[in-house]
file upload-v9.txt (compact mmCIF, C-alpha atoms)
# COMPACT_ATOMS: atom_id res chain seq x y z
CA MET E 1 0.00 0.00 0.00
CA LYS E 2 1.18 3.52 -0.80
CA LYS E 3 1.04 5.66 2.33
CA LEU E 4 -0.17 9.22 1.80
CA VAL E 5 0.04 11.18 5.05
CA LEU E 6 -1.72 14.51 5.51
CA LEU E 7 -0.59 16.73 8.38
CA GLY E 8 -3.37 18.99 9.63
CA ALA E 9 -7.11 18.99 9.01
CA GLY E 10 -7.14 22.52 7.62
CA TYR E 11 -8.69 23.91 4.48
CA GLY E 12 -6.05 22.53 2.12
CA ASN E 13 -6.09 18.94 3.34
CA MET E 14 -9.88 18.93 3.66
CA ARG E 15 -10.07 19.83 -0.04
CA ILE E 16 -7.57 17.06 -0.86
CA LEU E 17 -9.70 14.55 1.05
CA LEU E 18 -12.88 15.79 -0.63
CA ARG E 19 -11.37 15.23 -4.07
CA LEU E 20 -9.57 11.93 -3.38
CA LEU E 21 -12.19 10.12 -1.31
CA THR E 22 -15.12 10.83 -3.57
CA LYS E 23 -13.66 9.82 -6.92
CA ASP E 24 -11.42 7.04 -8.13
CA LEU E 25 -9.03 6.67 -5.22
CA PRO E 26 -6.61 3.87 -6.19
CA THR E 27 -7.17 0.78 -4.08
CA ASP E 28 -3.48 0.59 -3.21
CA VAL E 29 -3.42 4.04 -1.54
CA GLU E 30 -3.87 4.39 2.20
CA ILE E 31 -4.43 7.91 3.55
CA THR E 32 -3.54 8.91 7.10
CA LEU E 33 -4.69 12.27 8.48
CA ILE E 34 -3.00 13.61 11.62
CA ASP E 35 -4.48 16.49 13.62
CA ARG E 36 -4.69 17.58 17.25
CA THR E 37 -8.51 17.64 17.05
CA PRO E 38 -10.92 14.97 15.71
CA PHE E 39 -12.67 17.48 13.47
CA HIS E 40 -12.01 20.26 10.96
CA SER E 41 -12.26 23.79 12.32
CA VAL E 42 -13.67 26.65 10.25
CA LYS E 43 -10.95 29.09 11.17
CA THR E 44 -12.54 32.04 9.41
CA GLU E 45 -15.18 32.06 12.17
CA PHE E 46 -12.86 31.89 15.19
CA TYR E 47 -13.39 35.60 15.82
CA ALA E 48 -17.08 34.92 16.54
CA LEU E 49 -16.23 31.96 18.76
CA ALA E 50 -13.88 34.18 20.77
CA VAL E 51 -16.61 36.79 21.22
CA GLY E 52 -19.23 34.19 22.11
CA THR E 53 -21.71 34.94 19.33
CA VAL E 54 -21.47 31.42 17.89
CA SER E 55 -21.05 28.05 19.55
CA ASP E 56 -18.41 25.40 18.94
CA SER E 57 -20.83 23.50 16.71
CA VAL E 58 -20.79 26.33 14.15
CA VAL E 59 -17.02 26.17 13.65
CA ARG E 60 -16.64 22.36 13.68
CA VAL E 61 -16.99 20.13 10.63
CA PRO E 62 -16.77 16.33 11.00
CA LEU E 63 -13.90 14.56 9.27
CA PRO E 64 -14.81 12.25 6.40
CA VAL E 65 -15.16 8.53 6.96
CA HIS E 66 -13.70 6.13 4.40
CA ASP E 67 -12.27 2.61 4.38
CA GLN E 68 -8.95 3.94 3.05
CA LEU E 69 -8.70 6.83 5.52
CA LYS E 70 -7.14 6.55 8.97
CA VAL E 71 -7.28 9.44 11.42
CA ILE E 72 -4.65 9.88 14.14
CA GLY E 73 -5.06 12.42 16.93
CA GLY E 74 -1.93 14.00 18.31
CA GLU E 75 0.54 16.85 18.36
CA ILE E 76 3.23 16.76 15.66
CA ILE E 77 6.69 17.61 16.99
CA GLU E 78 9.00 16.70 14.09
CA ILE E 79 8.87 16.15 10.35
CA ASN E 80 11.89 14.13 9.23
CA THR E 81 12.06 14.22 5.44
CA ALA E 82 15.29 12.22 5.32
CA GLU E 83 13.73 9.31 7.20
CA LYS E 84 10.28 9.88 5.64
CA CYS E 85 8.69 9.83 9.05
CA VAL E 86 6.52 12.09 11.22
CA PHE E 87 7.01 12.09 15.00
CA LEU E 88 4.22 12.81 17.50
CA ASP E 89 4.49 13.99 21.09
CA ASP E 90 3.09 10.70 22.43
CA GLY E 91 5.91 8.70 20.86
CA GLN E 92 4.07 7.59 17.72
CA GLN E 93 6.08 7.48 14.52
CA VAL E 94 4.15 7.64 11.25
CA PRO E 95 6.08 6.70 8.09
CA TYR E 96 4.98 7.98 4.70
CA ASP E 97 5.55 7.51 1.00
CA GLU E 98 4.05 10.90 0.20
CA LEU E 99 3.41 13.73 2.61
CA VAL E 100 1.25 16.86 2.49
CA ILE E 101 2.10 19.43 5.18
CA GLY E 102 -0.91 21.58 5.97
CA LEU E 103 -0.23 22.52 9.58
CA GLY E 104 -1.14 26.17 9.32
CA CYS E 105 0.31 28.96 11.38
CA GLN E 106 0.78 30.53 14.75
CA ASP E 107 0.88 34.13 15.91
CA ASN E 108 3.90 36.17 14.88
CA TYR E 109 4.73 38.55 17.73
CA HIS E 110 7.49 40.33 15.79
CA ASP E 111 9.76 40.25 18.87
CA VAL E 112 7.46 42.64 20.76
CA LEU E 113 8.31 42.37 24.45
CA GLY E 114 5.60 40.68 26.48
CA ALA E 115 3.30 40.02 23.52
CA ALA E 116 3.41 36.23 23.74
CA GLU E 117 2.85 36.22 27.49
CA ASN E 118 0.26 38.99 27.83
CA THR E 119 -2.04 38.71 24.82
CA TYR E 120 -4.84 36.39 23.76
CA SER E 121 -5.20 34.68 20.41
CA ILE E 122 -7.73 33.40 17.87
CA GLN E 123 -5.31 31.21 15.90
CA THR E 124 -6.70 27.86 17.10
CA ILE E 125 -10.06 26.70 18.36
CA GLY E 126 -8.53 26.03 21.78
CA LYS E 127 -6.99 29.50 22.03
CA SER E 128 -10.23 31.08 20.82
CA ARG E 129 -12.07 29.37 23.68
CA ILE E 130 -9.56 30.81 26.17
CA THR E 131 -10.01 34.26 24.63
CA TYR E 132 -13.79 33.88 24.98
CA GLU E 133 -13.45 33.10 28.68
CA LYS E 134 -11.34 36.21 29.19
CA LEU E 135 -13.62 38.54 27.24
CA LEU E 136 -16.73 37.06 28.86
CA GLY E 137 -15.37 37.86 32.29
CA LEU E 138 -14.72 41.54 31.62
CA GLY E 139 -16.93 44.01 33.42
CA GLY E 140 -18.70 46.96 31.90
CA GLY E 141 -16.37 49.80 30.97
CA ALA E 142 -13.36 47.51 30.51
CA THR E 143 -10.93 48.30 27.69
CA VAL E 144 -9.99 45.70 25.08
CA GLY E 145 -7.01 46.29 22.79
CA ILE E 146 -6.91 44.46 19.45
CA ILE E 147 -3.47 44.53 17.85
CA GLY E 148 -3.64 44.31 14.07
CA ALA E 149 -6.33 45.68 11.75
CA GLY E 150 -6.27 43.03 9.07
CA LEU E 151 -9.35 40.97 8.30
CA SER E 152 -9.21 39.03 11.59
CA GLY E 153 -8.79 42.17 13.68
CA ILE E 154 -11.59 43.99 11.87
CA GLU E 155 -14.04 41.12 12.25
CA LEU E 156 -13.13 40.57 15.89
CA ALA E 157 -13.49 44.25 16.77
CA SER E 158 -16.84 44.64 15.03
CA GLU E 159 -18.30 41.41 16.43
CA LEU E 160 -17.16 42.34 19.93
CA ARG E 161 -18.63 45.82 19.63
CA GLU E 162 -22.01 44.49 18.51
CA SER E 163 -22.02 41.88 21.26
CA ARG E 164 -20.64 44.06 24.07
CA PRO E 165 -21.65 47.72 23.70
CA ASP E 166 -20.45 48.25 27.28
CA LEU E 167 -16.77 47.74 26.42
CA ASN E 168 -14.17 50.23 25.22
CA ILE E 169 -12.51 48.80 22.11
CA LYS E 170 -9.26 50.04 20.61
CA LEU E 171 -8.12 48.62 17.26
CA PHE E 172 -4.44 49.29 16.56
CA ASP E 173 -3.44 49.57 12.90
CA ARG E 174 0.15 50.10 11.73
CA SER E 175 -1.10 51.61 8.48
CA PRO E 176 -2.39 55.14 7.92
CA ARG E 177 -5.73 53.68 6.84
CA ILE E 178 -7.56 50.37 7.29
CA LEU E 179 -7.10 47.88 4.43
CA ARG E 180 -4.69 50.26 2.72
CA ASP E 181 -3.90 47.79 -0.08
CA PHE E 182 -7.52 47.90 -1.27
CA PRO E 183 -9.71 50.65 -2.74
CA GLU E 184 -10.22 53.71 -0.57
CA ARG E 185 -13.97 53.24 -0.78
CA LEU E 186 -13.62 49.94 1.07
CA SER E 187 -11.39 51.47 3.71
CA ASN E 188 -13.74 54.39 4.21
CA TYR E 189 -16.74 52.11 4.63
CA VAL E 190 -15.06 50.00 7.31
CA LYS E 191 -13.66 53.07 9.09
CA GLY E 192 -17.09 54.69 8.94
CA TRP E 193 -18.66 51.65 10.59
CA PHE E 194 -16.13 51.80 13.40
CA ASP E 195 -16.67 55.55 13.88
CA GLU E 196 -20.44 55.07 14.01
CA HIS E 197 -20.13 52.25 16.54
CA ASN E 198 -17.52 53.92 18.76
CA VAL E 199 -14.57 51.64 18.03
CA ASP E 200 -11.37 53.65 18.42
CA VAL E 201 -9.10 52.92 15.43
CA VAL E 202 -5.53 53.90 16.31
CA SER E 203 -3.76 54.44 12.99
CA ASN E 204 0.03 54.54 12.44
CA SER E 205 0.48 52.57 15.64
CA ASN E 206 3.64 50.78 16.69
CA ILE E 207 3.23 48.47 19.67
CA THR E 208 6.64 48.06 21.26
CA LYS E 209 5.76 46.33 24.53
CA VAL E 210 2.82 44.58 26.19
CA GLU E 211 2.42 44.29 29.93
CA GLU E 212 -0.43 42.55 31.74
CA ASN E 213 -2.62 45.67 31.79
CA LEU E 214 -0.61 48.13 29.74
CA LEU E 215 0.17 48.71 26.07
CA TYR E 216 3.10 50.73 24.80
CA ASN E 217 2.29 52.48 21.52
CA HIS E 218 5.27 54.56 20.39
CA GLU E 219 6.00 56.63 23.52
CA GLU E 220 2.44 56.42 24.86
CA THR E 221 1.19 53.97 27.49
CA ILE E 222 -2.43 52.80 27.28
CA PRO E 223 -4.22 50.97 30.14
CA VAL E 224 -6.07 47.86 28.97
CA ASP E 225 -7.96 45.02 30.59
CA ALA E 226 -7.35 42.49 27.81
CA VAL E 227 -5.34 42.39 24.57
CA VAL E 228 -6.00 40.15 21.56
CA TRP E 229 -3.17 39.73 19.05
CA THR E 230 -4.11 39.58 15.36
CA ALA E 231 -0.97 41.23 13.95
CA GLY E 232 0.56 38.61 11.72
CA ILE E 233 1.32 34.92 11.45
CA ARG E 234 4.24 32.57 10.90
CA PRO E 235 4.50 28.81 10.25
CA VAL E 236 4.10 26.44 13.17
CA THR E 237 7.24 25.30 15.00
CA PRO E 238 7.67 21.85 13.36
CA VAL E 239 7.77 23.56 9.96
CA GLN E 240 10.13 26.26 11.19
CA ASN E 241 12.48 23.48 12.33
CA MET E 242 12.57 21.76 8.94
CA LYS E 243 15.92 21.97 7.17
CA THR E 244 14.73 23.34 3.86
CA GLU E 245 14.74 26.69 2.08
CA LYS E 246 12.36 29.32 3.45
CA ASP E 247 11.46 32.88 2.51
CA ASP E 248 11.82 35.97 4.71
CA SER E 249 8.56 35.12 6.48
CA GLY E 250 9.73 31.60 7.34
CA ARG E 251 7.42 29.96 4.81
CA VAL E 252 8.66 26.98 2.82
CA VAL E 253 9.91 27.61 -0.71
CA LEU E 254 8.36 25.16 -3.20
CA ASN E 255 8.68 24.16 -6.83
CA MET E 256 5.79 24.73 -9.23
CA TYR E 257 4.21 21.41 -8.18
CA HIS E 258 3.95 22.59 -4.54
CA GLN E 259 6.72 20.18 -3.56
CA LEU E 260 9.95 20.67 -1.68
CA PRO E 261 12.59 21.10 -4.42
CA GLU E 262 14.81 18.44 -2.84
CA TYR E 263 11.97 16.05 -1.90
CA SER E 264 9.32 15.58 -4.59
CA ASP E 265 7.35 13.33 -2.23
CA VAL E 266 6.68 16.22 0.18
CA TYR E 267 4.02 18.85 -0.57
CA VAL E 268 3.18 21.97 1.44
CA VAL E 269 -0.29 23.49 1.36
CA GLY E 270 -1.70 26.60 2.99
CA ASP E 271 -0.17 29.05 5.44
CA CYS E 272 3.24 27.34 5.57
CA ALA E 273 3.81 27.64 1.82
CA SER E 274 5.74 30.51 0.25
CA LEU E 275 3.39 31.91 -2.39
CA PRO E 276 2.84 35.32 -4.02
CA TYR E 277 -0.46 35.66 -2.15
CA ALA E 278 -1.48 36.45 1.39
CA PRO E 279 -2.28 33.24 3.29
CA SER E 280 -5.99 32.38 3.20
CA ALA E 281 -8.40 29.47 3.07
CA GLN E 282 -9.00 30.22 -0.61
CA VAL E 283 -5.31 29.97 -1.49
CA ALA E 284 -4.99 26.68 0.40
CA GLU E 285 -7.95 25.18 -1.44
CA GLU E 286 -6.66 26.26 -4.85
CA GLN E 287 -3.28 24.76 -4.01
CA ALA E 288 -4.99 21.56 -2.93
CA GLU E 289 -6.76 21.21 -6.26
CA GLN E 290 -3.41 21.28 -8.04
CA ILE E 291 -1.77 18.90 -5.57
CA VAL E 292 -4.53 16.34 -6.15
CA LYS E 293 -3.86 16.46 -9.91
CA ILE E 294 -0.12 15.95 -9.36
CA LEU E 295 -0.75 13.04 -6.99
CA ARG E 296 -3.01 11.31 -9.51
CA LEU E 297 -0.48 11.75 -12.31
CA THR E 298 2.28 10.38 -10.06
CA TRP E 299 0.21 7.35 -9.04
CA ASN E 300 -0.55 6.63 -12.71
CA ASN E 301 3.13 7.02 -13.68
CA GLU E 302 2.17 9.80 -16.06
CA PRO E 303 4.46 12.77 -16.82
CA LEU E 304 3.89 15.98 -14.92
CA PRO E 305 2.89 19.09 -16.89
CA GLU E 306 5.66 21.41 -18.04
CA THR E 307 3.78 24.38 -16.56
CA MET E 308 1.12 24.80 -13.91
CA PRO E 309 -1.87 27.15 -14.15
CA GLU E 310 -1.74 30.35 -12.18
CA ILE E 311 -3.79 30.36 -9.00
CA LYS E 312 -6.63 32.82 -9.49
CA LEU E 313 -8.33 34.21 -6.41
CA LYS E 314 -11.90 35.44 -6.37
CA GLY E 315 -11.37 38.07 -3.67
CA PHE E 316 -12.35 38.16 -0.03
CA LEU E 317 -15.36 38.62 2.23
CA GLY E 318 -15.48 40.21 5.66
CA SER E 319 -18.14 40.84 8.27
CA LEU E 320 -18.95 43.84 10.42
CA GLY E 321 -21.10 42.20 13.06
CA LYS E 322 -24.08 40.11 12.00
CA LYS E 323 -25.78 42.60 9.68
CA GLN E 324 -23.10 44.42 7.68
CA GLY E 325 -20.05 43.38 5.73
CA PHE E 326 -17.59 44.21 2.99
CA ALA E 327 -16.17 42.37 0.02
CA TYR E 328 -13.62 42.76 -2.74
CA LEU E 329 -14.59 40.51 -5.63
CA GLY E 330 -12.99 40.67 -9.04
CA ASP E 331 -11.77 44.24 -8.50
CA ARG E 332 -15.27 45.22 -7.39
CA THR E 333 -16.12 46.57 -3.95
CA VAL E 334 -19.34 45.41 -2.27
CA THR E 335 -20.46 46.75 1.10
CA GLY E 336 -23.41 46.53 3.45
CA ARG E 337 -25.94 43.79 4.01
CA ILE E 338 -25.39 42.12 0.62
CA ALA E 339 -21.72 41.52 1.46
CA ARG E 340 -22.70 40.04 4.84
CA LEU E 341 -25.24 37.73 3.22
CA LEU E 342 -22.62 36.63 0.70
CA LYS E 343 -20.28 35.65 3.51
CA SER E 344 -23.00 33.72 5.34
CA GLY E 345 -23.87 31.93 2.12
CA VAL E 346 -20.27 30.95 1.43
CA LEU E 347 -19.95 29.55 4.96
CA TRP E 348 -23.17 27.55 4.56
CA MET E 349 -22.04 26.13 1.23
CA TYR E 350 -18.63 25.23 2.62
CA LYS E 351 -20.10 23.31 5.55
CA TRP E 352 -22.65 21.63 3.29
CA HIS E 353 -19.95 20.37 0.92
CA ASN E 354 -17.58 19.26 3.68
CA GLY E 355 -19.91 18.25 6.49
call {"tool": "encode", "arguments": {"input": "upload-v9.txt", "output": "structure tokens"}}
result
Amino acid sequence: MKKLVLLGAGYGNMRILLRLLTKDLPTDVEITLIDRTPFHSVKTEFYALAVGTVSDSVVRVPLPVHDQLKVIGGEIIEINTAEKCVFLDDGQQVPYDELVIGLGCQDNYHDVLGAAENTYSIQTIGKSRITYEKLLGLGGGATVGIIGAGLSGIELASELRESRPDLNIKLFDRSPRILRDFPERLSNYVKGWFDEHNVDVVSNSNITKVEENLLYNHEETIPVDAVVWTAGIRPVTPVQNMKTEKDDSGRVVLNMYHQLPEYSDVYVVGDCASLPYAPSAQVAEEQAEQIVKILRLTWNNEPLPETMPEIKLKGFLGSLGKKQGFAYLGDRTVTGRIARLLKSGVLWMYKWHNG
């Protein structure tokens, strides 16, 4: 039996499973999926889990069941490409013939003093639950600092505002304007929502230190009761420890087939991969589609294509609470209730296809 091992039940590997298990999986291929949880987590909704406006059941999707699929629960501590083996923290060793690394990311604290110790996170379902407990316990008039005004920070700040009008919310953005890489109309709409709902957007910020109840922004100190970090990501530690070429962000450099250049039996999908796009669920799924095609060609002993198609992204969707949203689709800006409905529809379709 050929052993295909998938590390992580994220968006990329879920798409690989969806394609392989539902159509013409060779009978001599055995798939092993390793993840710390026995389900797939819809990470794009962790902000709502952290605020408490959705339950765990909304962000969990059951893993597929198939005679040729084995699921192992555990924490991965080492990926040894020379020995073609994955090591888990409980002592298990899982050998592979082909490997797809889809382990995702962790917070990047950019060497800010005290950030790792004194901030909360929404990077995993477990950390989002801890963040929820902290935010739930805050009294009226408490101040919450959210570091990073990317999509995660924007959605977290707006959801928290709508859920807890009694809190003071400060959203720290390093840029002069929110979503500066996108049309000004989009930025103005999001900033206008925050102004209307009394969320303090601190532009041109530079957080240099985080203490338990104090933020240092440039030379200013700001009292806070809780801080949530959404200011960047980096690959998880087992990927950082791999002896292979990486880019300036620590992501793994790949060939055009999404493989390690020195190990064609190892693929990387999602947030750990060095690609000319910002990490997202959409990028991971598009990568996965191409990886499935390469796997099938390899299993059939067919030649690989001389070129690979360019990954084309449709855009992105974001929410501002439960009723408003924003989107950038095919160079077109959409705002308001329609954008929010679009996001809800995409989530429903995703869970329907994968659940």
call {"tool": "atom_distance", "arguments": {"input": "upload-v9.txt", "atom1": "CA of Ile207 in chain E", "atom2": "CA of Gly321 in chain E"}}
result
26.0 Å
call {"tool": "atom_distance", "arguments": {"input": "upload-v9.txt", "atom1": "CA of Gln68 in chain E", "atom2": "CA of Gln282 in chain E"}}
result
26.5 Å
call {"tool": "atom_distance", "arguments": {"input": "upload-v9.txt", "atom1": "CA of Pro165 in chain E", "atom2": "CA of Ala142 in chain E"}}
result
10.7 Å
call {"tool": "residues_around", "arguments": {"input": "upload-v9.txt", "residues": "Cys272 in chain E", "least_positions_apart": "3", "cutoff": "9 Å", "atoms": "only C-alpha atoms", "output": "CSV table (one decimal) with C-alpha atoms, keeping the file's coordinate frame"}}
result
chain,number,residue,atom,x,y,z
E,101,ILE,CA,2.1,19.4,5.2
E,102,GLY,CA,-0.9,21.6,6.0
E,103,LEU,CA,-0.2,22.5,9.6
E,104,GLY,CA,-1.1,26.2,9.3
E,105,CYS,CA,0.3,29.0,11.4
E,234,ARG,CA,4.2,32.6,10.9
E,235,PRO,CA,4.5,28.8,10.2
E,236,VAL,CA,4.1,26.4,13.2
E,239,VAL,CA,7.8,23.6,10.0
E,240,GLN,CA,10.1,26.3,11.2
E,250,GLY,CA,9.7,31.6,7.3
E,251,ARG,CA,7.4,30.0,4.8
E,252,VAL,CA,8.7,27.0,2.8
E,268,VAL,CA,3.2,22.0,1.4
E,269,VAL,CA,-0.3,23.5,1.4
E,279,PRO,CA,-2.3,33.2,3.3
call {"tool": "closest_residue", "arguments": {"input": "upload-v9.txt", "among": "E:His40, E:Lys293, E:Lys84, E:Arg60", "to": "Arg19 in chain E", "atoms": "only C-alpha atoms"}}
result
E:Lys293
call {"tool": "residues_around", "arguments": {"input": "upload-v9.txt", "residues": "range 108-116 of chain E", "least_positions_apart": "3", "cutoff": "8 Å", "atoms": "all atoms listed in the file", "output": "count of residues only"}}
result
11
call {"tool": "residues_around", "arguments": {"input": "upload-v9.txt", "residues": "Pro95 in chain E", "least_positions_apart": "2", "cutoff": "12 Å", "atoms": "all atoms listed in the file", "output": "ChimeraX atom specification"}}
result
/E:2-6,30-32,34,79-88,92-93,97-99
call {"tool": "decode", "arguments": {"input": "upload-v9.txt", "residues": "range 263-273 of chain E", "atoms": "all heavy atoms", "output": "CSV table (one decimal), in the first residue's frame"}}
result
chain,number,residue,atom,x,y,z
E,263,TYR,N,12.8,17.2,-2.2
E,263,TYR,CA,12.0,16.1,-1.9
E,263,TYR,C,10.6,16.1,-2.6
E,263,TYR,O,9.7,16.8,-2.1
E,263,TYR,CB,11.7,16.0,-0.4
E,263,TYR,CG,13.0,15.7,0.4
E,263,TYR,CD1,13.6,16.7,1.1
E,263,TYR,CD2,13.5,14.4,0.5
E,263,TYR,CE1,14.7,16.5,1.9
E,263,TYR,CE2,14.6,14.1,1.3
E,263,TYR,CZ,15.2,15.2,2.0
E,263,TYR,OH,16.4,14.9,2.7
E,264,SER,N,10.5,15.5,-3.8
E,264,SER,CA,9.3,15.6,-4.6
E,264,SER,C,8.2,14.8,-4.0
E,264,SER,O,7.0,14.9,-4.5
E,264,SER,CB,9.6,15.1,-6.0
E,264,SER,OG,10.0,13.7,-6.0
E,265,ASP,N,8.4,14.1,-2.9
E,265,ASP,CA,7.3,13.3,-2.2
E,265,ASP,C,6.7,14.1,-1.1
E,265,ASP,O,5.9,13.6,-0.4
E,265,ASP,CB,7.9,12.0,-1.7
E,265,ASP,CG,9.1,12.1,-0.9
E,265,ASP,OD1,9.5,13.2,-0.5
E,265,ASP,OD2,9.7,11.0,-0.6
E,266,VAL,N,7.2,15.4,-0.9
E,266,VAL,CA,6.7,16.2,0.2
E,266,VAL,C,6.1,17.5,-0.4
E,266,VAL,O,6.7,18.2,-1.1
E,266,VAL,CB,7.8,16.6,1.2
E,266,VAL,CG1,7.2,17.5,2.3
E,266,VAL,CG2,8.4,15.4,1.8
E,267,TYR,N,4.8,17.7,-0.1
E,267,TYR,CA,4.0,18.8,-0.6
E,267,TYR,C,3.7,19.7,0.6
E,267,TYR,O,3.6,19.3,1.8
E,267,TYR,CB,2.7,18.4,-1.2
E,267,TYR,CG,2.8,17.5,-2.4
E,267,TYR,CD1,3.0,16.1,-2.2
E,267,TYR,CD2,2.7,18.0,-3.7
E,267,TYR,CE1,3.1,15.3,-3.3
E,267,TYR,CE2,2.8,17.1,-4.8
E,267,TYR,CZ,3.0,15.7,-4.6
E,267,TYR,OH,3.1,14.9,-5.6
E,268,VAL,N,3.6,21.0,0.4
E,268,VAL,CA,3.2,22.0,1.4
E,268,VAL,C,2.0,22.8,0.9
E,268,VAL,O,2.0,23.3,-0.2
E,268,VAL,CB,4.3,22.9,1.8
E,268,VAL,CG1,3.9,23.8,3.0
E,268,VAL,CG2,5.6,22.1,2.3
E,269,VAL,N,0.9,22.8,1.8
E,269,VAL,CA,-0.3,23.5,1.4
E,269,VAL,C,-0.7,24.5,2.5
E,269,VAL,O,-0.5,24.2,3.6
E,269,VAL,CB,-1.4,22.5,1.1
E,269,VAL,CG1,-1.8,21.7,2.4
E,269,VAL,CG2,-2.7,23.2,0.5
E,270,GLY,N,-1.2,25.7,2.0
E,270,GLY,CA,-1.7,26.6,3.0
E,270,GLY,C,-0.7,27.6,3.6
E,270,GLY,O,0.3,28.0,2.9
E,271,ASP,N,-0.9,27.9,4.8
E,271,ASP,CA,-0.2,29.1,5.4
E,271,ASP,C,1.3,28.8,5.5
E,271,ASP,O,2.1,29.8,5.7
E,271,ASP,CB,-0.7,29.3,6.8
E,271,ASP,CG,-2.2,29.8,6.8
E,271,ASP,OD1,-2.7,30.1,5.7
E,271,ASP,OD2,-2.8,29.8,7.9
E,272,CYS,N,1.8,27.6,5.5
E,272,CYS,CA,3.2,27.3,5.6
E,272,CYS,C,4.0,27.5,4.2
E,272,CYS,O,5.2,27.4,4.2
E,272,CYS,CB,3.5,25.9,6.1
E,272,CYS,SG,3.0,25.7,7.8
E,273,ALA,N,3.2,27.6,3.2
E,273,ALA,CA,3.8,27.6,1.8
E,273,ALA,C,4.2,29.1,1.4
E,273,ALA,O,3.4,30.0,1.6
E,273,ALA,CB,2.8,27.0,0.8
